[in-house]
$ cat start_5.cif   # mmCIF, C-alpha atoms
data_query
#
loop_
_atom_site.label_atom_id
_atom_site.label_comp_id
_atom_site.auth_asym_id
_atom_site.auth_seq_id
_atom_site.Cartn_x
_atom_site.Cartn_y
_atom_site.Cartn_z
CA MET A 746 92.12 -9.33 -69.56
CA ARG A 747 88.54 -9.72 -68.36
CA PRO A 748 86.11 -6.79 -68.57
CA ALA A 749 86.18 -6.63 -64.77
CA LEU A 750 89.95 -6.11 -64.72
CA ALA A 751 89.93 -2.74 -63.71
CA LEU A 752 91.34 2.88 -66.45
CA ALA A 753 94.79 9.09 -64.69
CA PHE A 754 94.23 9.08 -61.01
CA GLY A 755 90.79 8.55 -59.45
CA LEU A 756 89.93 10.47 -56.32
CA VAL A 757 86.62 10.50 -54.51
CA LEU A 758 84.35 13.51 -54.33
CA ALA A 759 81.13 12.66 -52.52
CA ALA A 760 78.39 14.26 -50.54
CA PRO A 761 77.85 13.24 -46.90
CA ALA A 762 75.82 10.08 -46.46
CA GLY A 763 72.40 10.25 -44.94
CA ALA A 764 71.36 8.40 -41.83
CA GLY A 765 70.76 4.72 -42.44
CA ALA A 766 72.54 4.76 -45.81
CA ALA A 767 73.18 1.37 -47.37
CA GLU A 768 76.70 0.00 -46.93
CA VAL A 769 78.85 -2.79 -48.31
CA ARG A 770 81.90 -4.39 -46.76
CA VAL A 771 85.01 -3.90 -48.90
CA MET A 772 88.43 -5.58 -48.70
CA VAL A 773 91.33 -4.85 -51.07
CA VAL A 774 94.08 -7.46 -51.43
CA GLY A 775 97.17 -6.63 -53.45
CA GLU A 776 99.76 -8.82 -55.08
CA GLU A 777 101.62 -9.50 -51.83
CA ARG A 778 99.71 -7.75 -49.04
CA VAL A 779 96.33 -6.49 -47.95
CA LEU A 780 95.89 -2.85 -48.97
CA ARG A 781 92.66 -2.36 -47.01
CA GLU A 782 91.29 -4.63 -44.33
CA PRO A 783 87.53 -5.17 -44.53
CA ALA A 784 85.60 -1.99 -43.78
CA SER A 785 82.12 -0.65 -44.37
CA VAL A 786 81.75 1.74 -47.31
CA THR A 787 78.59 3.72 -47.91
CA LEU A 788 76.85 3.15 -51.24
CA ARG A 789 76.82 6.63 -52.73
CA ALA A 790 77.50 8.23 -56.08
CA ARG A 791 81.12 9.30 -56.44
CA SER A 792 83.22 10.92 -59.11
CA VAL A 793 86.61 9.70 -60.29
CA ARG A 794 89.21 10.99 -62.72
CA ALA A 795 89.94 9.00 -65.85
CA SER A 796 91.77 10.04 -69.00
CA ASN A 797 91.97 13.63 -67.67
CA ARG A 798 88.20 13.83 -67.23
CA ARG A 799 85.96 13.77 -64.20
CA CYS A 800 83.55 10.85 -64.47
CA ALA A 801 80.50 9.87 -62.47
CA ALA A 802 80.42 6.39 -60.91
CA GLY A 803 77.02 5.09 -59.89
CA ALA A 804 76.23 4.69 -56.20
CA ALA A 805 75.78 0.92 -56.06
CA THR A 806 78.77 -0.11 -58.16
CA PRO A 807 82.03 -1.89 -57.27
CA LEU A 808 84.03 1.08 -58.59
CA SER A 809 82.28 3.53 -56.29
CA ALA A 810 82.83 1.10 -53.39
CA LEU A 811 86.54 0.89 -54.22
CA ALA A 812 86.81 4.66 -54.49
CA GLY A 813 85.19 4.89 -51.06
CA THR A 814 88.22 3.17 -49.48
CA GLY A 815 90.33 6.25 -50.17
CA LEU A 816 93.02 4.29 -52.00
CA ARG A 817 94.75 6.04 -54.90
CA LEU A 818 93.42 4.80 -58.22
CA ARG A 819 94.36 4.97 -61.87
CA LEU A 820 91.64 4.40 -64.43
CA ARG A 821 91.30 4.25 -68.16
CA ASP A 822 88.08 5.03 -69.99
CA TYR A 823 87.25 2.79 -72.93
CA GLY A 824 83.94 4.58 -73.40
CA SER A 825 82.76 8.14 -72.99
CA CYS A 826 82.40 8.76 -69.26
CA GLY A 827 81.21 12.11 -67.99
CA ARG A 828 78.64 13.61 -65.65
CA SER A 829 76.18 10.77 -66.05
CA ALA A 830 76.76 7.41 -64.37
CA ARG A 831 75.03 5.84 -67.38
CA ASP A 832 78.21 6.50 -69.37
CA ALA A 833 80.62 4.80 -66.95
CA GLY A 834 80.51 1.28 -68.38
CA GLY A 835 83.92 1.67 -70.05
CA LEU A 836 85.85 2.65 -66.91
CA PHE A 837 88.63 0.19 -66.19
CA VAL A 838 90.86 0.09 -63.08
CA THR A 839 94.52 -0.16 -64.02
CA GLN A 840 96.14 0.63 -60.67
CA VAL A 841 95.30 0.60 -56.97
CA GLY A 842 97.83 2.19 -54.64
CA ALA A 843 101.25 1.47 -56.13
CA GLU A 844 100.17 -1.77 -57.81
CA ARG A 845 99.63 -1.43 -61.54
CA ASN A 846 98.27 -4.03 -63.98
CA ARG A 847 100.94 -6.01 -65.82
CA GLY A 848 100.32 -8.16 -68.86
CA HIS A 849 97.34 -10.40 -68.14
CA ASP A 850 97.49 -9.80 -64.38
CA GLY A 851 95.75 -7.01 -62.55
CA TRP A 852 92.74 -5.83 -60.61
CA VAL A 853 89.40 -7.62 -60.52
CA TYR A 854 86.46 -7.64 -58.15
CA LYS A 855 84.18 -10.24 -56.63
CA ILE A 856 80.67 -9.82 -55.29
CA GLY A 857 80.32 -12.53 -52.69
CA HIS A 858 82.06 -15.50 -54.29
CA ARG A 859 81.69 -14.55 -57.98
CA THR A 860 83.99 -12.46 -60.14
CA GLY A 861 82.20 -9.65 -61.94
CA THR A 862 81.74 -10.08 -65.67
CA ALA A 863 81.04 -6.41 -66.43
CA GLY A 864 82.97 -3.20 -65.92
CA ALA A 865 83.21 -2.04 -62.34
CA ALA A 866 80.88 0.94 -62.95
CA ASP A 867 78.68 -0.61 -65.62
CA PRO A 868 75.09 0.66 -65.16
CA ALA A 869 73.87 -2.82 -66.13
CA GLY A 870 75.34 -4.23 -62.91
CA SER A 871 78.27 -6.48 -62.14
CA PHE A 872 76.87 -9.39 -64.15
CA GLY A 873 74.93 -7.50 -66.81
CA THR A 874 71.59 -8.36 -65.22
CA GLY A 875 70.70 -4.88 -63.97
CA ARG A 876 71.23 -5.92 -60.36
CA ARG A 877 73.30 -3.41 -58.39
CA LEU A 878 75.11 -3.76 -55.07
CA ARG A 879 72.85 -4.14 -52.07
CA ASP A 880 73.13 -3.26 -48.42
CA GLY A 881 75.30 -5.74 -46.49
CA GLU A 882 77.00 -7.38 -49.46
CA SER A 883 80.72 -8.13 -49.53
CA VAL A 884 82.97 -6.70 -52.24
CA LEU A 885 86.48 -8.05 -52.69
CA TRP A 886 88.97 -6.25 -54.94
CA PHE A 887 92.10 -8.30 -55.50
CA TRP A 888 95.16 -8.67 -57.69
CA CYS A 889 94.37 -11.46 -60.13
CA VAL A 890 97.08 -13.75 -61.46
CA GLN A 891 95.58 -15.40 -64.52
CA ASP A 892 96.26 -18.99 -65.47
CA ARG A 893 96.34 -20.37 -69.02
CA ARG A 894 92.55 -20.47 -69.08
CA GLN A 895 92.37 -16.80 -68.04
CA ASN A 896 91.01 -17.69 -64.62
CA CYS A 897 92.12 -15.94 -61.43
CA GLN A 898 93.47 -17.68 -58.36
CA ARG A 899 90.87 -18.95 -55.93
CA THR A 900 89.67 -16.93 -52.95
CA LEU A 901 89.23 -18.30 -49.44
CA GLU A 902 86.43 -18.08 -46.92
CA ALA A 903 86.63 -19.31 -43.32
CA VAL A 904 83.39 -20.17 -41.50
CA PRO A 905 83.51 -21.00 -37.76
CA GLU A 906 80.91 -23.31 -36.27
CA ARG A 907 80.05 -20.44 -33.93
CA THR A 908 81.22 -16.87 -33.39
CA ARG A 909 81.25 -17.03 -29.58
CA VAL A 910 83.41 -19.55 -27.76
CA ALA A 911 84.39 -20.18 -24.16
CA PRO A 912 87.99 -19.36 -23.14
CA GLY A 913 90.28 -22.28 -23.94
CA ALA A 914 87.54 -24.22 -25.76
CA ALA A 915 87.88 -25.94 -29.12
CA LEU A 916 86.50 -24.20 -32.21
CA ARG A 917 85.98 -25.96 -35.51
CA VAL A 918 86.44 -23.85 -38.63
CA THR A 919 85.66 -24.84 -42.22
CA VAL A 920 87.63 -23.25 -45.06
CA ARG A 921 86.49 -23.29 -48.69
CA SER A 922 88.08 -21.87 -51.81
CA TYR A 923 86.06 -20.32 -54.65
CA ASP A 924 86.79 -19.96 -58.34
CA ASP A 925 85.72 -17.07 -60.59
CA PHE A 926 82.25 -18.55 -61.03
CA GLY A 927 81.53 -19.13 -57.34
CA GLY A 928 82.31 -22.84 -57.39
CA GLY A 929 83.53 -23.89 -53.95
CA LEU A 930 85.88 -26.64 -52.83
CA ALA A 931 87.25 -27.73 -49.47
CA ALA A 932 90.50 -25.82 -48.95
CA ALA A 933 92.70 -28.68 -47.79
CA GLY A 934 96.02 -27.49 -46.39
CA ALA A 935 94.84 -23.93 -45.66
CA THR A 936 96.35 -22.36 -42.55
CA VAL A 937 93.77 -21.12 -40.05
CA ARG A 938 94.61 -18.70 -37.23
CA LEU A 939 92.58 -17.61 -34.23
CA GLY A 940 94.55 -15.09 -32.24
CA THR A 941 97.88 -16.85 -31.67
CA ALA A 942 96.46 -20.36 -32.21
CA GLU A 943 97.10 -22.01 -35.58
CA ALA A 944 95.93 -25.17 -37.34
CA VAL A 945 95.99 -26.66 -40.83
CA ALA A 946 92.77 -27.65 -42.58
CA GLY A 947 92.36 -31.32 -43.42
CA ALA A 948 91.06 -32.90 -46.61
CA ASP A 949 87.54 -31.75 -45.73
CA GLY A 950 88.71 -28.15 -45.29
CA ALA A 951 88.12 -28.28 -41.54
CA ALA A 952 90.52 -27.28 -38.78
CA THR A 953 90.10 -27.22 -35.01
CA LEU A 954 91.72 -24.49 -32.94
CA THR A 955 91.90 -23.69 -29.25
CA ALA A 956 90.42 -20.35 -28.26
CA PRO A 957 92.50 -17.92 -26.19
CA THR A 958 92.18 -18.31 -22.43
CA ALA A 959 91.53 -14.61 -21.85
CA PRO A 960 88.08 -13.19 -22.64
CA GLY A 961 87.83 -10.68 -25.45
CA ARG A 962 87.77 -10.72 -29.23
CA ALA A 963 90.08 -12.70 -31.46
CA SER A 964 90.63 -12.44 -35.21
CA LEU A 965 89.95 -15.53 -37.29
CA VAL A 966 91.64 -15.70 -40.71
CA ALA A 967 92.60 -18.35 -43.26
CA SER A 968 95.36 -18.26 -45.85
CA GLY A 969 96.81 -20.66 -48.38
CA ALA A 970 99.49 -20.81 -51.03
CA GLY A 971 98.28 -19.46 -54.37
CA ALA A 972 94.94 -18.25 -52.97
CA VAL A 973 93.57 -14.90 -51.83
CA ARG A 974 93.42 -14.67 -48.06
CA ALA A 975 90.02 -14.94 -46.40
CA SER A 976 88.33 -11.88 -45.00
CA PRO A 977 89.00 -11.93 -41.23
CA LEU A 978 86.18 -12.52 -38.80
CA ARG A 979 85.85 -11.52 -35.18
CA VAL A 980 85.23 -14.32 -32.67
CA THR A 981 84.09 -13.40 -29.18
CA VAL A 982 85.86 -15.31 -26.40
CA GLY A 983 83.90 -15.42 -23.16
#

$ encode --input "start_5.cif" --output "structure tokens"
Amino acid sequence: MRPALALAFGLVLAAPAGAGAAEVRVMVVGEERVLREPASVTLRARSVRASNRRCAAGAATPLSALAGTGLRLRLRDYGSCGRSARDAGGLFVTQVGAERNRGHDGWVYKIGHRTGTAGAADPAGSFGTGRRLRDGESVLWFWCVQDRRQNCQRTLEAVPERTRVAPGAALRVTVRSYDDFGGGLAAAGATVRLGTAEAVAGADGAATLTAPTAPGRASLVASGAGAVRASPLRVTVG
């Protein structure tokens, strides 16, 4: 398993956030369903339970962001976690909700398009560079199914040509899939949905859908066999 594969139960204890606190957008995708749709989580220090101890998780870490979703966690500590977030580098997520790591498969996180290479609460940052999470970033926690090269399945992203469209008008959407290292490819064959409209992406990853005829907001999402579903976007119709 990778270091980022999440280590019993971790529950959040946190102080109220101040006005204007930095936030990240977090989505949690399980083996067969989405456990948490994308939502904003405040970057704050939290404590979790691991190996029958209470452990500090630094404010701007993927583990703290995951804990902020309120999902039930199990963690294992391969280090010596405690009151200081500096000691949290060995914390490893083994279960989210009812879904527990099995064999080489289990929980990993991505920052943007890249899978983290360090522990989810490592004080050195997600990639060992010292860089922590920043306001407005996207964090994806998902159930990784490793292939023979120990790579996870690809994750999808759907990008519309615009986020406001006239009722009944055509909207072109481009879907790309990303590997662990952030390498992107056109997601040919991905299914794209906008409200009740549906289309399949061509070889270039593009699909054209018809917007609903009634004004309002419609959800845009892309999915594909063997890939992690894209984070949904809101498209304004009107």

$ residues_near_point --input "start_5.cif" --point "(74.7, 2.3, -49.2)" --cutoff "10 Å" --atoms "all atoms listed in the file" --output "compact mmCIF listing (two decimals) with C-alpha atoms, in the coordinates of the input"
# COMPACT_ATOMS: atom_id res chain seq x y z
CA ALA A 762 75.82 10.08 -46.46
CA GLY A 763 72.40 10.25 -44.94
CA GLY A 765 70.76 4.72 -42.44
CA ALA A 766 72.54 4.76 -45.81
CA ALA A 767 73.18 1.37 -47.37
CA GLU A 768 76.70 0.00 -46.93
CA VAL A 769 78.85 -2.79 -48.31
CA SER A 785 82.12 -0.65 -44.37
CA VAL A 786 81.75 1.74 -47.31
CA THR A 787 78.59 3.72 -47.91
CA LEU A 788 76.85 3.15 -51.24
CA ARG A 789 76.82 6.63 -52.73
CA ALA A 790 77.50 8.23 -56.08
CA ALA A 804 76.23 4.69 -56.20
CA ALA A 805 75.78 0.92 -56.06
CA ALA A 810 82.83 1.10 -53.39
CA LEU A 878 75.11 -3.76 -55.07
CA ARG A 879 72.85 -4.14 -52.07
CA ASP A 880 73.13 -3.26 -48.42
CA GLY A 881 75.30 -5.74 -46.49
CA GLU A 882 77.00 -7.38 -49.46

$ residues_around --input "start_5.cif" --residues "Ala903 in chain A" --least-positions-apart "3" --cutoff "8 Å" --atoms "all atoms listed in the file" --output "VMD selection string"
chain A and resid 918 to 921 965 to 967 975 to 976

$ closest_residue --input "start_5.cif" --among "A:Leu780, A:Cys826, A:Val841, A:Leu818" --to "Arg799 in chain A" --atoms "only C-alpha atoms"
A:Cys826

$ atom_distance --input "start_5.cif" --atom1 "CA of Pro977 in chain A" --atom2 "CA of Ala865 in chain A"
24.0 Å

$ resolve_selection --input "start_5.cif" --expression "the PyMOL selection byres ((chain A and resi 978) around 12)" --output "list in words"
Glu782, Pro783, Ala784, Glu902, Ala903, Val904, Pro905, Arg907, Thr908, Arg909, Val918, Val937, Arg938, Leu939, Gly940, Arg962, Ala963, Ser964, Leu965, Val966, Ala967, Arg974, Ala975, Ser976, Pro977, Arg979, Val980 and Thr981 of chain A

$ resolve_selection --input "start_5.cif" --expression "the PyMOL selection byres ((chain A and resi 866) around 8)" --output "ChimeraX atom specification"
/A:802-803,806-809,830,833-836,864-865,867-868,870-871

$ closest_residue --input "start_5.cif" --among "A:Ala795, A:Ala972, A:Val910, A:Ala959" --to "Gly824 in chain A" --atoms "only C-alpha atoms"
A:Ala795

$ atom_distance --input "start_5.cif" --atom1 "CA of Arg819 in chain A" --atom2 "CA of Gly857 in chain A"
24.2 Å

$ closest_residue --input "start_5.cif" --among "A:Ala869, A:Ala951, A:Val982, A:Ala942" --to "Leu930 in chain A" --atoms "all atoms listed in the file"
A:Ala951

$ atom_distance --input "start_5.cif" --atom1 "CA of Lys855 in chain A" --atom2 "CA of Val774 in chain A"
11.5 Å

$ resolve_selection --input "start_5.cif" --expression "the PyMOL selection byres ((chain A and resi 924-927) around 7)" --output "PyMOL selection string"
chain A and resi 858-860+896-897+899-900+922-923+928-929

$ closest_residue --input "start_5.cif" --among "A:Arg828, A:Arg781, A:Arg821, A:Arg791" --to "Asn846 in chain A" --atoms "only C-alpha atoms"
A:Arg821

$ closest_residue --input "start_5.cif" --among "A:Gln895, A:Gln840, A:Asn797, A:Thr953" --to "Asp822 in chain A" --atoms "only C-alpha atoms"
A:Asn797

$ closest_residue --input "start_5.cif" --among "A:Ser883, A:Gln891, A:Ser825, A:Ser796" --to "Tyr854 in chain A" --atoms "all atoms listed in the file"
A:Ser883

$ residues_around --input "start_5.cif" --residues "range 872-875 of chain A" --least-positions-apart "5" --cutoff "8 Å" --atoms "all atoms listed in the file" --output "list in words"
Gly861, Thr862, Ala863 and Asp867 of chain A

$ build_atoms --input "start_5.cif" --residues "range 843-854 of chain A" --atoms "N, CA, C and O atoms" --output "mmCIF file, in the coordinates of the input"
data_model
loop_
_atom_site.group_PDB
_atom_site.id
_atom_site.type_symbol
_atom_site.label_atom_id
_atom_site.label_comp_id
_atom_site.auth_asym_id
_atom_site.auth_seq_id
_atom_site.Cartn_x
_atom_site.Cartn_y
_atom_site.Cartn_z
ATOM 1 N N ALA A 843 100.061 1.499 -55.275
ATOM 2 C CA ALA A 843 101.250 1.470 -56.130
ATOM 3 C C ALA A 843 101.253 0.278 -57.077
ATOM 4 O O ALA A 843 102.213 0.088 -57.821
ATOM 5 N N GLU A 844 100.183 -0.515 -57.061
ATOM 6 C CA GLU A 844 100.170 -1.770 -57.810
ATOM 7 C C GLU A 844 99.414 -1.609 -59.126
ATOM 8 O O GLU A 844 98.197 -1.437 -59.138
ATOM 9 N N ARG A 845 100.166 -1.695 -60.213
ATOM 10 C CA ARG A 845 99.630 -1.430 -61.540
ATOM 11 C C ARG A 845 99.534 -2.715 -62.355
ATOM 12 O O ARG A 845 100.410 -3.580 -62.275
ATOM 13 N N ASN A 846 98.463 -2.848 -63.145
ATOM 14 C CA ASN A 846 98.270 -4.030 -63.980
ATOM 15 C C ASN A 846 99.506 -4.299 -64.842
ATOM 16 O O ASN A 846 100.133 -3.373 -65.364
ATOM 17 N N ARG A 847 99.819 -5.601 -64.989
ATOM 18 C CA ARG A 847 100.940 -6.010 -65.820
ATOM 19 C C ARG A 847 100.527 -7.190 -66.683
ATOM 20 O O ARG A 847 100.073 -8.216 -66.149
ATOM 21 N N GLY A 848 100.675 -7.060 -67.968
ATOM 22 C CA GLY A 848 100.320 -8.160 -68.860
ATOM 23 C C GLY A 848 98.885 -8.586 -68.660
ATOM 24 O O GLY A 848 97.958 -7.783 -68.748
ATOM 25 N N HIS A 849 98.689 -9.875 -68.362
ATOM 26 C CA HIS A 849 97.340 -10.400 -68.140
ATOM 27 C C HIS A 849 96.913 -10.327 -66.678
ATOM 28 O O HIS A 849 95.798 -10.736 -66.338
ATOM 29 N N ASP A 850 97.791 -9.851 -65.813
ATOM 30 C CA ASP A 850 97.490 -9.800 -64.380
ATOM 31 C C ASP A 850 97.078 -8.402 -63.964
ATOM 32 O O ASP A 850 97.585 -7.404 -64.502
ATOM 33 N N GLY A 851 96.185 -8.315 -63.020
ATOM 34 C CA GLY A 851 95.750 -7.010 -62.550
ATOM 35 C C GLY A 851 94.510 -7.095 -61.693
ATOM 36 O O GLY A 851 94.178 -8.147 -61.151
ATOM 37 N N TRP A 852 93.802 -5.976 -61.601
ATOM 38 C CA TRP A 852 92.740 -5.830 -60.610
ATOM 39 C C TRP A 852 91.394 -6.326 -61.105
ATOM 40 O O TRP A 852 90.953 -5.981 -62.191
ATOM 41 N N VAL A 853 90.754 -7.133 -60.272
ATOM 42 C CA VAL A 853 89.400 -7.620 -60.520
ATOM 43 C C VAL A 853 88.589 -7.488 -59.231
ATOM 44 O O VAL A 853 89.133 -7.229 -58.159
ATOM 45 N N TYR A 854 87.306 -7.689 -59.345
ATOM 46 C CA TYR A 854 86.460 -7.640 -58.150
ATOM 47 C C TYR A 854 85.547 -8.858 -58.089
ATOM 48 O O TYR A 854 85.218 -9.475 -59.095
#
